[in-house]
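Have a look at data_17.cif; it's mmCIF, C-alpha atoms:
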```cif
data_model
#
loop_
_atom_site.group_PDB
_atom_site.id
_atom_site.type_symbol
_atom_site.label_atom_id
_atom_site.label_comp_id
_atom_site.auth_asym_id
_atom_site.auth_seq_id
_atom_site.Cartn_x
_atom_site.Cartn_y
_atom_site.Cartn_z
ATOM 1 C CA MET Q 1 36.051 32.773 94.726
ATOM 2 C CA SER Q 2 33.338 34.708 92.977
ATOM 3 C CA THR Q 3 33.085 38.456 93.521
ATOM 4 C CA ASN Q 4 31.152 41.339 92.016
ATOM 5 C CA ALA Q 5 33.929 41.596 89.377
ATOM 6 C CA PHE Q 6 34.796 37.915 88.878
ATOM 7 C CA ARG Q 7 32.543 35.050 87.856
ATOM 8 C CA PRO Q 8 34.075 31.550 87.807
ATOM 9 C CA TYR Q 9 32.644 28.499 86.092
ATOM 10 C CA ILE Q 10 33.111 24.945 87.315
ATOM 11 C CA SER Q 11 34.588 22.047 85.359
ATOM 12 C CA ASP Q 12 35.573 18.519 86.259
ATOM 13 C CA ASP Q 13 37.521 18.168 82.986
ATOM 14 C CA ILE Q 14 41.052 18.789 84.205
ATOM 15 C CA VAL Q 15 42.564 17.431 80.975
ATOM 16 C CA GLY Q 16 40.497 19.751 78.771
ATOM 17 C CA VAL Q 17 41.315 22.785 80.914
ATOM 18 C CA GLU Q 18 45.045 21.942 80.960
ATOM 19 C CA VAL Q 19 45.195 21.343 77.201
ATOM 20 C CA GLY Q 20 43.371 24.618 76.526
ATOM 21 C CA GLY Q 21 45.708 26.493 78.870
ATOM 22 C CA ALA Q 22 48.863 25.152 77.240
ATOM 23 C CA VAL Q 23 47.939 25.128 73.558
ATOM 24 C CA LYS Q 24 46.358 28.605 73.486
ATOM 25 C CA ASN Q 25 49.765 30.090 74.273
ATOM 26 C CA VAL Q 26 51.335 28.406 71.247
ATOM 27 C CA ILE Q 27 48.496 29.516 68.963
ATOM 28 C CA ALA Q 28 48.884 33.086 70.284
ATOM 29 C CA ILE Q 29 52.531 33.079 69.203
ATOM 30 C CA ALA Q 30 51.427 31.986 65.718
ATOM 31 C CA CYS Q 31 48.851 34.802 65.621
ATOM 32 C CA GLY Q 32 51.495 37.262 66.705
ATOM 33 C CA MET Q 33 53.927 36.046 64.052
ATOM 34 C CA MET Q 34 51.410 36.612 61.297
ATOM 35 C CA THR Q 35 50.318 39.971 62.732
ATOM 36 C CA GLY Q 36 53.941 41.102 62.965
ATOM 37 C CA ALA Q 37 54.490 39.987 59.379
ATOM 38 C CA GLY Q 38 51.667 42.277 58.247
ATOM 39 C CA PHE Q 39 48.709 39.926 57.959
ATOM 40 C CA ALA Q 40 45.312 41.101 59.175
ATOM 41 C CA GLU Q 41 42.351 39.822 61.174
ATOM 42 C CA ASN Q 42 41.250 37.151 58.681
ATOM 43 C CA THR Q 43 44.557 35.360 59.163
ATOM 44 C CA ARG Q 44 44.252 35.612 62.941
ATOM 45 C CA ALA Q 45 40.660 34.313 62.804
ATOM 46 C CA ALA Q 46 41.798 31.333 60.731
ATOM 47 C CA LEU Q 47 44.622 30.571 63.179
ATOM 48 C CA ILE Q 48 42.312 30.874 66.193
ATOM 49 C CA THR Q 49 39.661 28.644 64.617
ATOM 50 C CA ARG Q 50 42.047 25.980 63.373
ATOM 51 C CA GLY Q 51 44.063 26.285 66.591
ATOM 52 C CA MET Q 52 40.940 25.531 68.584
ATOM 53 C CA ASP Q 53 40.488 22.430 66.460
ATOM 54 C CA GLU Q 54 44.032 21.349 67.358
ATOM 55 C CA MET Q 55 43.146 21.906 71.025
ATOM 56 C CA LYS Q 56 39.941 19.847 70.751
ATOM 57 C CA VAL Q 57 41.664 16.924 69.055
ATOM 58 C CA LEU Q 58 44.466 16.794 71.620
ATOM 59 C CA ALA Q 59 42.075 17.107 74.563
ATOM 60 C CA GLU Q 60 39.828 14.354 73.233
ATOM 61 C CA VAL Q 61 42.716 11.947 72.548
ATOM 62 C CA LEU Q 62 43.940 12.492 76.110
ATOM 63 C CA GLY Q 63 40.504 11.810 77.603
ATOM 64 C CA GLY Q 64 39.276 15.382 77.883
ATOM 65 C CA ARG Q 65 36.072 16.760 76.423
ATOM 66 C CA ARG Q 66 35.819 18.850 73.265
ATOM 67 C CA GLU Q 67 33.141 21.041 74.834
ATOM 68 C CA THR Q 68 35.558 22.113 77.567
ATOM 69 C CA VAL Q 69 37.876 23.475 74.887
ATOM 70 C CA THR Q 70 35.000 25.390 73.285
ATOM 71 C CA GLY Q 71 34.168 27.009 76.639
ATOM 72 C CA LEU Q 72 35.815 29.773 78.640
ATOM 73 C CA SER Q 73 38.964 27.823 79.530
ATOM 74 C CA GLY Q 74 39.538 27.059 75.853
ATOM 75 C CA ALA Q 75 37.895 29.424 73.391
ATOM 76 C CA GLY Q 76 37.701 32.282 75.881
ATOM 77 C CA ASP Q 77 41.366 32.186 76.843
ATOM 78 C CA LEU Q 78 42.406 31.449 73.250
ATOM 79 C CA THR Q 79 40.558 34.477 71.888
ATOM 80 C CA LEU Q 80 41.936 36.779 74.563
ATOM 81 C CA THR Q 81 45.537 35.578 74.320
ATOM 82 C CA CYS Q 82 45.526 35.725 70.518
ATOM 83 C CA SER Q 83 44.134 39.266 70.453
ATOM 84 C CA SER Q 84 45.747 41.061 73.367
ATOM 85 C CA THR Q 85 48.712 43.357 72.957
ATOM 86 C CA THR Q 86 49.553 42.691 76.623
ATOM 87 C CA SER Q 87 49.895 38.930 76.040
ATOM 88 C CA ARG Q 88 53.571 37.958 76.208
ATOM 89 C CA ASN Q 89 52.820 35.115 73.762
ATOM 90 C CA MET Q 90 51.210 37.391 71.194
ATOM 91 C CA SER Q 91 53.922 40.023 71.761
ATOM 92 C CA LEU Q 92 56.719 37.533 71.168
ATOM 93 C CA GLY Q 93 55.064 36.410 67.945
ATOM 94 C CA VAL Q 94 54.606 39.995 66.734
ATOM 95 C CA GLN Q 95 58.274 40.762 67.308
ATOM 96 C CA LEU Q 96 59.406 37.584 65.561
ATOM 97 C CA GLY Q 97 57.027 38.330 62.668
ATOM 98 C CA GLN Q 98 58.669 41.750 62.354
ATOM 99 C CA GLY Q 99 62.025 40.034 61.939
ATOM 100 C CA ILE Q 100 63.396 40.761 65.408
ATOM 101 C CA PRO Q 101 65.708 37.942 66.529
ATOM 102 C CA ARG Q 102 64.503 36.116 69.652
ATOM 103 C CA ALA Q 103 67.432 37.365 71.755
ATOM 104 C CA LYS Q 104 66.426 40.982 71.022
ATOM 105 C CA CYS Q 105 62.701 40.550 71.673
ATOM 106 C CA PHE Q 106 61.324 42.473 74.650
ATOM 107 C CA GLY Q 107 64.242 44.877 74.365
ATOM 108 C CA GLY Q 108 66.674 42.053 75.042
ATOM 109 C CA LYS Q 109 65.282 41.519 78.553
ATOM 110 C CA PRO Q 110 64.776 37.882 79.595
ATOM 111 C CA THR Q 111 61.017 37.368 79.489
ATOM 112 C CA VAL Q 112 59.160 34.163 80.272
ATOM 113 C CA VAL Q 113 56.803 33.315 77.435
ATOM 114 C CA GLU Q 114 54.759 30.250 78.321
ATOM 115 C CA GLY Q 115 53.995 29.310 74.728
ATOM 116 C CA GLU Q 116 57.667 29.086 73.892
ATOM 117 C CA VAL Q 117 58.088 26.270 76.421
ATOM 118 C CA ASN Q 118 54.582 24.886 75.815
ATOM 119 C CA SER Q 119 55.396 24.380 72.132
ATOM 120 C CA ILE Q 120 57.984 21.772 73.109
ATOM 121 C CA SER Q 121 55.729 19.782 75.431
ATOM 122 C CA VAL Q 122 52.667 20.099 73.176
ATOM 123 C CA ILE Q 123 54.520 18.780 70.117
ATOM 124 C CA GLU Q 124 56.185 15.978 72.083
ATOM 125 C CA LEU Q 125 52.781 14.957 73.434
ATOM 126 C CA ALA Q 126 51.090 15.185 70.020
ATOM 127 C CA ARG Q 127 53.778 13.002 68.462
ATOM 128 C CA ARG Q 128 53.520 10.489 71.293
ATOM 129 C CA VAL Q 129 49.740 10.119 70.858
ATOM 130 C CA GLY Q 130 49.992 10.198 67.040
ATOM 131 C CA ILE Q 131 48.114 13.353 66.091
ATOM 132 C CA LYS Q 132 49.003 16.252 63.829
ATOM 133 C CA MET Q 133 49.000 19.800 65.163
ATOM 134 C CA PRO Q 134 50.208 21.814 62.152
ATOM 135 C CA ILE Q 135 50.026 25.286 63.709
ATOM 136 C CA CYS Q 136 51.799 24.189 66.880
ATOM 137 C CA GLU Q 137 54.354 22.321 64.750
ATOM 138 C CA ALA Q 138 55.035 25.485 62.737
ATOM 139 C CA VAL Q 139 55.581 27.562 65.886
ATOM 140 C CA HIS Q 140 57.827 24.861 67.360
ATOM 141 C CA ALA Q 141 59.859 24.706 64.146
ATOM 142 C CA VAL Q 142 60.452 28.469 64.110
ATOM 143 C CA LEU Q 143 61.237 28.739 67.816
ATOM 144 C CA HIS Q 144 63.268 25.587 68.395
ATOM 145 C CA GLU Q 145 64.491 24.247 65.066
ATOM 146 C CA GLY Q 146 65.644 27.451 63.406
ATOM 147 C CA ALA Q 147 63.063 27.147 60.625
ATOM 148 C CA PRO Q 148 62.541 30.351 58.627
ATOM 149 C CA LEU Q 149 59.230 31.941 59.584
ATOM 150 C CA GLY Q 150 58.164 32.772 56.020
ATOM 151 C CA GLU Q 151 58.757 29.329 54.550
ATOM 152 C CA THR Q 152 57.315 27.578 57.583
ATOM 153 C CA PHE Q 153 54.014 29.445 57.485
ATOM 154 C CA ALA Q 154 53.882 29.251 53.691
ATOM 155 C CA GLN Q 155 54.067 25.465 53.992
ATOM 156 C CA LEU Q 156 51.343 25.565 56.646
ATOM 157 C CA TRP Q 157 48.992 27.490 54.325
ATOM 158 C CA SER Q 158 49.730 25.294 51.325
ATOM 159 C CA ARG Q 159 48.956 21.981 53.047
ATOM 160 C CA PRO Q 160 46.313 19.840 51.337
ATOM 161 C CA ILE Q 161 42.794 21.186 51.638
ATOM 162 C CA GLU Q 162 40.712 19.139 54.059
ATOM 163 C CA ALA Q 163 37.010 18.881 54.699
ATOM 164 C CA GLU Q 164 35.317 20.540 57.604
ATOM 165 C CA PRO Q 165 33.833 18.825 59.539
ATOM 166 C CA ARG Q 166 36.282 15.975 59.744
ATOM 167 C CA THR Q 167 33.452 13.493 59.180
ATOM 168 C CA LEU Q 168 33.919 14.154 55.480
ATOM 169 C CA ASP Q 169 36.917 12.049 54.570
ATOM 170 C CA LEU Q 170 38.410 14.356 51.975
ATOM 171 C CA SER Q 171 41.834 15.760 51.182
ATOM 172 C CA ILE Q 172 42.722 17.688 48.029
ATOM 173 C CA ASP Q 173 46.165 18.926 47.102
ATOM 174 C CA HIS Q 174 46.372 22.686 47.302
ATOM 175 C CA PRO Q 175 46.192 23.831 43.648
ATOM 176 C CA ALA Q 176 48.775 26.561 44.119
ATOM 177 C CA ASP Q 177 50.968 24.966 46.760
ATOM 178 C CA ILE Q 178 54.323 25.797 45.129
ATOM 179 C CA ALA Q 179 53.278 29.334 44.155
ATOM 180 C CA ALA Q 180 51.775 29.893 47.623
ATOM 181 C CA VAL Q 181 54.941 28.774 49.363
ATOM 182 C CA THR Q 182 57.110 30.991 47.195
ATOM 183 C CA ASN Q 183 54.826 34.024 47.402
ATOM 184 C CA LEU Q 184 54.214 33.843 51.137
ATOM 185 C CA ALA Q 185 57.800 33.035 52.012
ATOM 186 C CA GLU Q 186 58.964 36.082 50.038
ATOM 187 C CA ARG Q 187 56.317 38.303 51.592
ATOM 188 C CA ILE Q 188 57.282 37.404 55.167
ATOM 189 C CA SER Q 189 61.059 37.318 54.818
#
```

With the file now loaded, output its structure as structure tokens.
Amino acid sequence: MSTNAFRPYISDDIVGVEVGGAVKNVIAIACGMMTGAGFAENTRAALITRGMDEMKVLAEVLGGRRETVTGLSGAGDLTLTCSSTTSRNMSLGVQLGQGIPRAKCFGGKPTVVEGEVNSISVIELARRVGIKMPICEAVHAVLHEGAPLGETFAQLWSRPIEAEPRTLDLSIDHPADIAAVTNLAERIS
């Protein structure tokens, strides 16, 4: 399969590759939503980084390897999909972040957006295995539960502050959670 313009890498971690391929689409929609709402690269970097963490946790729980998700099939695809204006996932998010109703996105033309469907299966799977995927949950809520984008992402940002790495067992209430929710929800709506 390799050519002078294409270099593949080999993996035996089918679970890790599949999780990376599905979840990156959902994270790209989140990045698009925030970009469309007027947020800049720092917000996208935070979503990509924390989104990759959601990917690693899900892959590991399902028997995949974290390092697969940090490789090309995870981090590589995630970075590209969350940064490309040609990504249908990112494009859908941008339009939704700009306040365009889903039915009018892509000029009203029916367009398959993998992350829209992936958000359903990813959240169902995460709930079944008992893990939290806050970014994916936020995207799912906006796309499939009619949750308002501004309030949903404001609640995401105002979640309790956790330690990184997860080996530090620490959680602190966000000091400005109510003000953050109000301010961000107003800014996006």

Box in all listed atoms of segment 158-172 of chain Q, axis-aligned, with 4 Å more on each side; write out centre and edge lengths in Å to one decimal as AutoDock Vina command-line options.
```
--center_x 41.6 --center_y 18.7 --center_z 53.9 --size_x 24.3 --size_y 21.2 --size_z 19.7
```

Take the point (34.4, 27.2, 85.2) as written in the file and pick out every residue within 9 Å of it, counting only C-alpha atoms; give the list as a PDB file with C-alpha atoms, in the coordinates of the input.
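Ended up saving to out_21.pdb:
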```pdb
ATOM      1  CA  ARG Q   7      32.543  35.050  87.856  1.00  0.00           C
ATOM      2  CA  PRO Q   8      34.075  31.550  87.807  1.00  0.00           C
ATOM      3  CA  TYR Q   9      32.644  28.499  86.092  1.00  0.00           C
ATOM      4  CA  ILE Q  10      33.111  24.945  87.315  1.00  0.00           C
ATOM      5  CA  SER Q  11      34.588  22.047  85.359  1.00  0.00           C
ATOM      6  CA  ASP Q  12      35.573  18.519  86.259  1.00  0.00           C
ATOM      7  CA  GLY Q  71      34.168  27.009  76.639  1.00  0.00           C
ATOM      8  CA  LEU Q  72      35.815  29.773  78.640  1.00  0.00           C
ATOM      9  CA  SER Q  73      38.964  27.823  79.530  1.00  0.00           C
TER      10      SER Q  73
END
```

Work out how far atom CA of Ser84 of chain Q is from atom CA of Glu18 of chain Q, in Å to one decimal.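 The value is 20.6 Å.
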
How close does segment 16-53 of chain Q get to segment 147-154 of chain Q? List, as a Markdown table, each residue of segment 16-53 of chain Q within 12 Å, its nearest atom pair and the distance in Å to one decimal, counting all atoms listed in the file.
```
| residue | atom | partner | partner_atom | distance |
| --- | --- | --- | --- | --- |
| Q:Ile29 | CA | Q:Leu149 | CA | 11.8 |
| Q:Ala30 | CA | Q:Phe153 | CA | 9.0 |
| Q:Cys31 | CA | Q:Phe153 | CA | 11.0 |
| Q:Gly32 | CA | Q:Leu149 | CA | 11.8 |
| Q:Met33 | CA | Q:Leu149 | CA | 8.1 |
| Q:Met34 | CA | Q:Phe153 | CA | 8.5 |
| Q:Gly36 | CA | Q:Leu149 | CA | 11.1 |
| Q:Ala37 | CA | Q:Gly150 | CA | 8.8 |
| Q:Gly38 | CA | Q:Gly150 | CA | 11.7 |
| Q:Phe39 | CA | Q:Phe153 | CA | 11.8 |
| Q:Thr43 | CA | Q:Phe153 | CA | 11.3 |
| Q:Leu47 | CA | Q:Phe153 | CA | 11.0 |
```

What lies within 10 Å of Thr70 of chain Q using all atoms listed in the file, ignoring chain neighbours under 3 positions off, as number ranges by chain? Q: 16, 20, 52-53, 55-56, 65-67, 73-78

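Atom CA of Ala185 of chain Q lies 28.5 Å from atom CA of Val57 of chain Q.
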
Between Q:Ala126, Q:Cys105, Q:Ile14, Q:Ala163, smallest distance to Met90 of chain Q by all atoms listed in the file belongs to Q:Cys105

For a test of reading the model, state the distance in Å between atom CA of Glu116 of chain Q and atom CA of Ser87 of chain Q, rounded to one decimal. 12.7 Å

With all atoms listed in the file as the atoms that count, which of Q:Thr79, Q:Ser171, Q:Gln155, Q:Asn89 lies nearest to Asn118 of chain Q?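 For Asn118 of chain Q, the nearest of the candidates is Q:Asn89.
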
Selection result for the PyMOL selection byres ((chain Q and resi 172) around 6) on this file, as a list in words: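 Checking the PyMOL selection byres ((chain Q and resi 172) around 6) against this file, the residues are Pro160, Ile161, Ser171 and Asp173 of chain Q.
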
Contacts of Glu137 of chain Q at 10 Å or less, counting all atoms listed in the file, minus same-chain residues fewer than 2 places along, as a PyMOL selection string? chain Q and resi 26+119-120+122-124+126+132-135+139-143+152+156

Which polymer residues have any atom within 8 Å of an atom of Leu58 of chain Q, counting only C-alpha atoms, with same-chain residues fewer than 3 positions away left out, as a PDB file with C-alpha atoms, in the frame of the given file?
```
ATOM      1  CA  VAL Q  19      45.195  21.343  77.201  1.00  0.00           C
ATOM      2  CA  GLU Q  54      44.032  21.349  67.358  1.00  0.00           C
ATOM      3  CA  MET Q  55      43.146  21.906  71.025  1.00  0.00           C
ATOM      4  CA  VAL Q  61      42.716  11.947  72.548  1.00  0.00           C
ATOM      5  CA  LEU Q  62      43.940  12.492  76.110  1.00  0.00           C
ATOM      6  CA  ALA Q 126      51.090  15.185  70.020  1.00  0.00           C
ATOM      7  CA  ILE Q 131      48.114  13.353  66.091  1.00  0.00           C
TER       8      ILE Q 131
END
```

Name the closest residue to Thr85 of chain Q among the candidates Q:Ala28, Q:Ser158, Q:Leu170, Q:Gly97; distances are taken between atoms, counting only C-alpha atoms. Q:Ala28

Of the residues Q:Thr182, Q:Thr68, Q:Asn42, Q:Gln95, which is the one nearest to Val15 of chain Q, using all atoms listed in the file?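 Of all the options, Q:Thr68 lies closest to Val15 of chain Q.
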
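For the structure shown here, the set of residues caught by the PyMOL selection byres ((chain Q and resi 102) around 12) is Q:Met33, Q:Ser91, Q:Leu92, Q:Gly93, Q:Val94, Q:Gln95, Q:Leu96, Q:Gly97, Q:Gln98, Q:Gly99, Q:Ile100, Q:Pro101, Q:Ala103, Q:Lys104, Q:Cys105, Q:Phe106, Q:Gly107, Q:Gly108, Q:Lys109, Q:Pro110, Q:Thr111, Q:Val113, Q:Glu116, Q:Val142, Q:Leu143, Q:His144, Q:Gly146.
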
Take segment 82-95 of chain Q, model N, CA and C atoms, and hand the result over as a JSON list (two decimals), in the frame of the given file.
```json
[["chain", "number", "residue", "atom", "x", "y", "z"],
["Q", 82, "CYS", "N", 45.17, 35.51, 71.93],
["Q", 82, "CYS", "CA", 45.53, 35.72, 70.52],
["Q", 82, "CYS", "C", 45.18, 37.13, 70.03],
["Q", 83, "SER", "N", 44.57, 37.93, 70.87],
["Q", 83, "SER", "CA", 44.13, 39.27, 70.45],
["Q", 83, "SER", "C", 44.68, 40.39, 71.31],
["Q", 84, "SER", "N", 45.33, 40.05, 72.41],
["Q", 84, "SER", "CA", 45.75, 41.06, 73.37],
["Q", 84, "SER", "C", 47.18, 41.51, 73.15],
["Q", 85, "THR", "N", 47.36, 42.81, 73.10],
["Q", 85, "THR", "CA", 48.71, 43.36, 72.96],
["Q", 85, "THR", "C", 49.51, 43.20, 74.25],
["Q", 86, "THR", "N", 48.84, 42.90, 75.37],
["Q", 86, "THR", "CA", 49.55, 42.69, 76.62],
["Q", 86, "THR", "C", 49.95, 41.23, 76.84],
["Q", 87, "SER", "N", 49.52, 40.34, 75.95],
["Q", 87, "SER", "CA", 49.90, 38.93, 76.04],
["Q", 87, "SER", "C", 51.36, 38.77, 75.65],
["Q", 88, "ARG", "N", 52.16, 38.19, 76.54],
["Q", 88, "ARG", "CA", 53.57, 37.96, 76.21],
["Q", 88, "ARG", "C", 53.70, 37.01, 75.02],
["Q", 89, "ASN", "N", 52.77, 36.05, 74.89],
["Q", 89, "ASN", "CA", 52.82, 35.12, 73.76],
["Q", 89, "ASN", "C", 52.58, 35.84, 72.44],
["Q", 90, "MET", "N", 51.52, 36.61, 72.40],
["Q", 90, "MET", "CA", 51.21, 37.39, 71.19],
["Q", 90, "MET", "C", 52.34, 38.37, 70.90],
["Q", 91, "SER", "N", 52.85, 39.03, 71.94],
["Q", 91, "SER", "CA", 53.92, 40.02, 71.76],
["Q", 91, "SER", "C", 55.19, 39.39, 71.20],
["Q", 92, "LEU", "N", 55.55, 38.22, 71.71],
["Q", 92, "LEU", "CA", 56.72, 37.53, 71.17],
["Q", 92, "LEU", "C", 56.51, 37.24, 69.69],
["Q", 93, "GLY", "N", 55.35, 36.71, 69.35],
["Q", 93, "GLY", "CA", 55.06, 36.41, 67.94],
["Q", 93, "GLY", "C", 55.14, 37.63, 67.06],
["Q", 94, "VAL", "N", 54.57, 38.75, 67.52],
["Q", 94, "VAL", "CA", 54.61, 39.99, 66.73],
["Q", 94, "VAL", "C", 56.05, 40.40, 66.46],
["Q", 95, "GLN", "N", 56.88, 40.37, 67.48],
["Q", 95, "GLN", "CA", 58.27, 40.76, 67.31],
["Q", 95, "GLN", "C", 59.00, 39.83, 66.35]]
```
